[in-house]
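Raw work10.cif, mmCIF, C-alpha atoms and all ligand atoms:
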data_run
#
loop_
_atom_site.label_atom_id
_atom_site.label_comp_id
_atom_site.auth_asym_id
_atom_site.auth_seq_id
_atom_site.Cartn_x
_atom_site.Cartn_y
_atom_site.Cartn_z
CA MET Q 576 -1.28 9.31 -17.68
CA ALA Q 577 -1.16 6.82 -14.85
CA LEU Q 578 0.11 8.03 -11.50
CA ILE Q 579 2.27 4.91 -11.17
CA ASN Q 580 3.57 2.61 -13.87
CA TRP Q 581 4.58 -0.75 -12.45
CA GLU Q 582 8.31 -1.34 -12.69
CA GLU Q 583 10.51 -4.37 -12.21
CA LYS Q 584 12.27 -2.67 -9.31
CA PHE Q 585 9.04 -2.77 -7.25
CA GLN Q 586 9.13 -6.58 -7.17
CA VAL Q 587 9.90 -8.13 -3.80
CA ASN Q 588 9.94 -11.60 -5.40
CA LEU Q 589 7.07 -13.11 -3.45
CA ASN Q 590 4.24 -13.89 -5.82
CA LEU Q 591 1.29 -13.27 -3.53
CA ILE Q 592 2.77 -10.00 -2.26
CA ASP Q 593 3.80 -8.69 -5.68
CA ASN Q 594 0.32 -9.37 -7.06
CA GLN Q 595 -1.29 -7.58 -4.15
CA HIS Q 596 1.08 -4.62 -4.60
CA LYS Q 597 0.09 -4.44 -8.27
CA LYS Q 598 -3.54 -4.33 -7.22
CA LEU Q 599 -2.82 -1.51 -4.74
CA VAL Q 600 -1.05 0.42 -7.50
CA ALA Q 601 -4.10 -0.13 -9.73
CA ILE Q 602 -6.43 1.29 -7.05
CA LEU Q 603 -4.19 4.34 -6.58
CA ASN Q 604 -4.19 4.87 -10.34
CA ARG Q 605 -7.98 4.62 -10.33
CA LEU Q 606 -8.14 7.22 -7.57
CA HIS Q 607 -5.83 9.54 -9.49
CA GLU Q 608 -7.81 9.06 -12.68
CA SER Q 609 -11.11 9.79 -10.92
CA MET Q 610 -9.61 12.92 -9.43
CA SER Q 611 -8.14 14.06 -12.76
CA LYS Q 612 -11.49 13.60 -14.45
CA GLY Q 613 -13.06 15.80 -11.79
CA LYS Q 614 -15.26 13.06 -10.37
CA GLY Q 615 -17.40 14.03 -7.42
CA GLY Q 616 -16.81 13.35 -3.75
CA GLU Q 617 -18.91 10.18 -3.72
CA VAL Q 618 -16.81 8.50 -6.39
CA LEU Q 619 -13.57 9.52 -4.68
CA GLU Q 620 -14.86 8.33 -1.31
CA SER Q 621 -15.78 4.95 -2.73
CA VAL Q 622 -12.33 4.51 -4.34
CA ILE Q 623 -10.62 5.48 -1.06
CA LYS Q 624 -12.85 2.97 0.69
CA ASP Q 625 -11.62 0.31 -1.76
CA LEU Q 626 -8.07 1.42 -1.07
CA ILE Q 627 -8.55 1.08 2.70
CA THR Q 628 -10.27 -2.31 2.43
CA TYR Q 629 -7.69 -3.78 0.09
CA THR Q 630 -4.76 -2.28 2.00
CA LYS Q 631 -6.05 -3.93 5.18
CA THR Q 632 -6.33 -7.29 3.40
CA HIS Q 633 -2.84 -6.94 2.01
CA PHE Q 634 -1.28 -5.86 5.30
CA ALA Q 635 -2.99 -8.74 7.12
CA ASP Q 636 -1.63 -11.27 4.60
CA GLU Q 637 1.85 -9.78 4.79
CA GLU Q 638 1.80 -9.75 8.59
CA LYS Q 639 0.59 -13.36 8.69
CA LEU Q 640 3.53 -14.40 6.51
CA MET Q 641 5.93 -12.50 8.78
CA ILE Q 642 4.56 -14.18 11.91
CA GLU Q 643 4.57 -17.64 10.31
CA ASN Q 644 8.20 -17.15 9.36
CA LYS Q 645 9.23 -15.62 12.68
CA TYR Q 646 10.47 -12.45 11.01
CA SER Q 647 12.52 -10.45 13.51
CA GLN Q 648 11.48 -7.04 12.14
CA TYR Q 649 7.78 -7.73 12.41
CA ASP Q 650 7.11 -5.09 15.09
CA SER Q 651 8.51 -2.09 13.22
CA HIS Q 652 6.92 -3.28 9.97
CA PHE Q 653 3.55 -3.66 11.69
CA ILE Q 654 3.80 -0.10 13.07
CA GLU Q 655 4.39 1.29 9.57
CA HIS Q 656 1.29 -0.54 8.35
CA SER Q 657 -0.94 0.64 11.14
CA ASN Q 658 0.26 4.26 10.88
CA PHE Q 659 -0.59 4.24 7.19
CA ILE Q 660 -4.07 2.84 7.78
CA THR Q 661 -4.68 5.51 10.43
CA LYS Q 662 -3.57 8.22 8.00
CA VAL Q 663 -5.71 6.99 5.09
CA GLU Q 664 -8.74 6.56 7.34
CA GLN Q 665 -8.21 10.15 8.50
CA VAL Q 666 -8.13 11.28 4.87
CA TYR Q 667 -11.35 9.38 4.23
CA ASN Q 668 -13.06 10.95 7.25
CA ASP Q 669 -11.90 14.47 6.36
CA LEU Q 670 -12.96 14.01 2.78
CA SER Q 671 -16.41 12.72 3.63
CA ALA Q 672 -16.86 15.51 6.20
CA GLY Q 673 -16.00 18.00 3.45
CA LYS Q 674 -12.98 19.28 5.40
CA ILE Q 675 -10.56 18.57 2.57
CA GLY Q 676 -10.60 17.87 -1.14
CA LEU Q 677 -8.42 15.38 -2.91
CA SER Q 678 -5.25 17.10 -4.09
CA MET Q 679 -2.23 16.17 -6.14
CA GLU Q 680 -0.24 16.66 -2.94
CA LEU Q 681 -2.28 13.92 -1.31
CA MET Q 682 -1.92 11.67 -4.35
CA TYR Q 683 1.86 12.08 -4.18
CA PHE Q 684 1.83 11.32 -0.48
CA LEU Q 685 0.00 8.03 -1.12
CA LYS Q 686 2.21 7.17 -4.08
CA ASN Q 687 5.46 7.96 -2.26
CA TRP Q 688 4.44 6.15 0.87
CA LEU Q 689 3.46 3.01 -1.01
CA LEU Q 690 6.49 2.86 -3.30
CA ASN Q 691 8.91 3.70 -0.53
CA HIS Q 692 7.37 1.09 1.76
CA ILE Q 693 7.46 -1.55 -0.99
CA MET Q 694 11.02 -0.86 -2.06
CA VAL Q 695 12.52 -0.56 1.42
CA VAL Q 696 10.52 -2.37 4.09
CA ASP Q 697 8.69 -5.01 2.02
CA LYS Q 698 11.81 -5.66 -0.05
CA LYS Q 699 13.71 -6.38 3.16
CA PHE Q 700 11.09 -8.96 4.09
CA GLY Q 701 11.20 -10.39 0.54
CA ASP Q 702 14.97 -10.77 0.82
CA PHE Q 703 14.55 -12.49 4.18
CA MET Q 704 12.10 -14.95 2.63
CA GLN Q 705 14.55 -15.70 -0.19
CA THR Q 706 17.26 -16.64 2.30
CA LYS Q 707 14.76 -18.93 4.02
CA SER Q 708 13.74 -20.75 0.86
CA CYS Q 709 17.41 -21.32 -0.01
CA ALA Q 710 18.31 -22.58 3.46
FE FE K 1 4.49 -4.03 4.28
FE FE K 2 3.27 -4.66 1.16
#
What would you get if you wrote out this structure as structure tokens?
Amino acid sequence: MALINWEEKFQVNLNLIDNQHKKLVAILNRLHESMSKGKGGEVLESVIKDLITYTKTHFADEEKLMIENKYSQYDSHFIEHSNFITKVEQVYNDLSAGKIGLSMELMYFLKNWLLNHIMVVDKKFGDFMQTKSCA
């Protein structure tokens, strides 16, 4: 079973962003699947690397859109992004140093962070963009 099934309520109604969120969900599902199948550290490390790389791309695109549109809540949104990157990079480092293993607890942390961020903070930005396009 997939860790996350995409639902309508995750949409923020910006095409580029929604598609990138779907891709992030797909990477998290891949990570969960690899873990469930008992894949070794190297496989897990490479999926987490993909997660970090793609998350950075996505955050950069989202931040660019916020700057271009003079979004007033850019600063707090940016801080959430950079804290998450720091956390996932820490996980990657600990995992590759053999300090931790991948756990369901960690999977739930990633899942909850992503979905909560999408539905609260990104949705707020999506709503802001809707008001702009109607203005
Ligand atoms: Fe965001
Ligand atoms: Fe996002």
Item to check | Selection within 9 Å of ligand FE 2 (chain K) by all atoms listed in the file, output as JSON, numbers by chain | outcome: {"Q": [587, 592, 593, 595, 596, 630, 633, 634, 636, 637, 656, 689, 692, 693, 696, 697, 698]}
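Ranking Q:Tyr629, Q:Phe653, Q:Phe585, Q:Phe703 by their shortest atom-to-atom distance to ligand FE 1 (chain K), with all atoms listed in the file included, puts Q:Phe653 first.
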Checklist entry - In Å, how far is it from atom CA of Q:Leu591 to atom CA of Q:Asn687? => result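 Computed distance, atom CA of Q:Leu591 to atom CA of Q:Asn687, equals 21.7 Å.
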Next on the checklist: Just the number, please: distance in Å from atom CA of Q:Ile660 to atom CA of Q:Leu677, one decimal.
Outcome noted: 17.0 Å
Checklist entry - If you count all atoms listed in the file, which residues fall within 9 Å of Q:Glu664, apart from same-chain ones fewer than 4 positions away, as a PyMOL selection string? => result chain Q and resi 623-624+627+659-660+668-669
Next on the checklist: Show me, as a ChimeraX atom specification, the residues that have an atom within 12 Å of Q:Val618 when counting only C-alpha atoms, minus same-chain residues fewer than 3 positions from it.
Outcome noted: /Q:605-610,612-615,621-625,667,670-671,677
Would you mind exporting C-alpha atoms of the selected residues as a PDB file, keeping the file's coordinate frame?
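Everything below was put into again15.pdb:
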ATOM      1  CA  ARG Q 605      -7.980   4.620 -10.330  1.00  0.00           C
ATOM      2  CA  LEU Q 606      -8.140   7.220  -7.570  1.00  0.00           C
ATOM      3  CA  HIS Q 607      -5.830   9.540  -9.490  1.00  0.00           C
ATOM      4  CA  GLU Q 608      -7.810   9.060 -12.680  1.00  0.00           C
ATOM      5  CA  SER Q 609     -11.110   9.790 -10.920  1.00  0.00           C
ATOM      6  CA  MET Q 610      -9.610  12.920  -9.430  1.00  0.00           C
ATOM      7  CA  LYS Q 612     -11.490  13.600 -14.450  1.00  0.00           C
ATOM      8  CA  GLY Q 613     -13.060  15.800 -11.790  1.00  0.00           C
ATOM      9  CA  LYS Q 614     -15.260  13.060 -10.370  1.00  0.00           C
ATOM     10  CA  GLY Q 615     -17.400  14.030  -7.420  1.00  0.00           C
ATOM     11  CA  SER Q 621     -15.780   4.950  -2.730  1.00  0.00           C
ATOM     12  CA  VAL Q 622     -12.330   4.510  -4.340  1.00  0.00           C
ATOM     13  CA  ILE Q 623     -10.620   5.480  -1.060  1.00  0.00           C
ATOM     14  CA  LYS Q 624     -12.850   2.970   0.690  1.00  0.00           C
ATOM     15  CA  ASP Q 625     -11.620   0.310  -1.760  1.00  0.00           C
ATOM     16  CA  TYR Q 667     -11.350   9.380   4.230  1.00  0.00           C
ATOM     17  CA  LEU Q 670     -12.960  14.010   2.780  1.00  0.00           C
ATOM     18  CA  SER Q 671     -16.410  12.720   3.630  1.00  0.00           C
ATOM     19  CA  LEU Q 677      -8.420  15.380  -2.910  1.00  0.00           C
TER      20      LEU Q 677
END
Checklist entry - When distances are computed from only C-alpha atoms and all ligand atoms, which of Q:Glu582, Q:Glu617, Q:Asp650, Q:Glu638 shows the smallest separation from ligand FE 1 (chain K)? => result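 That would be Q:Glu638, the residue with the smallest distance to ligand FE 1 (chain K).
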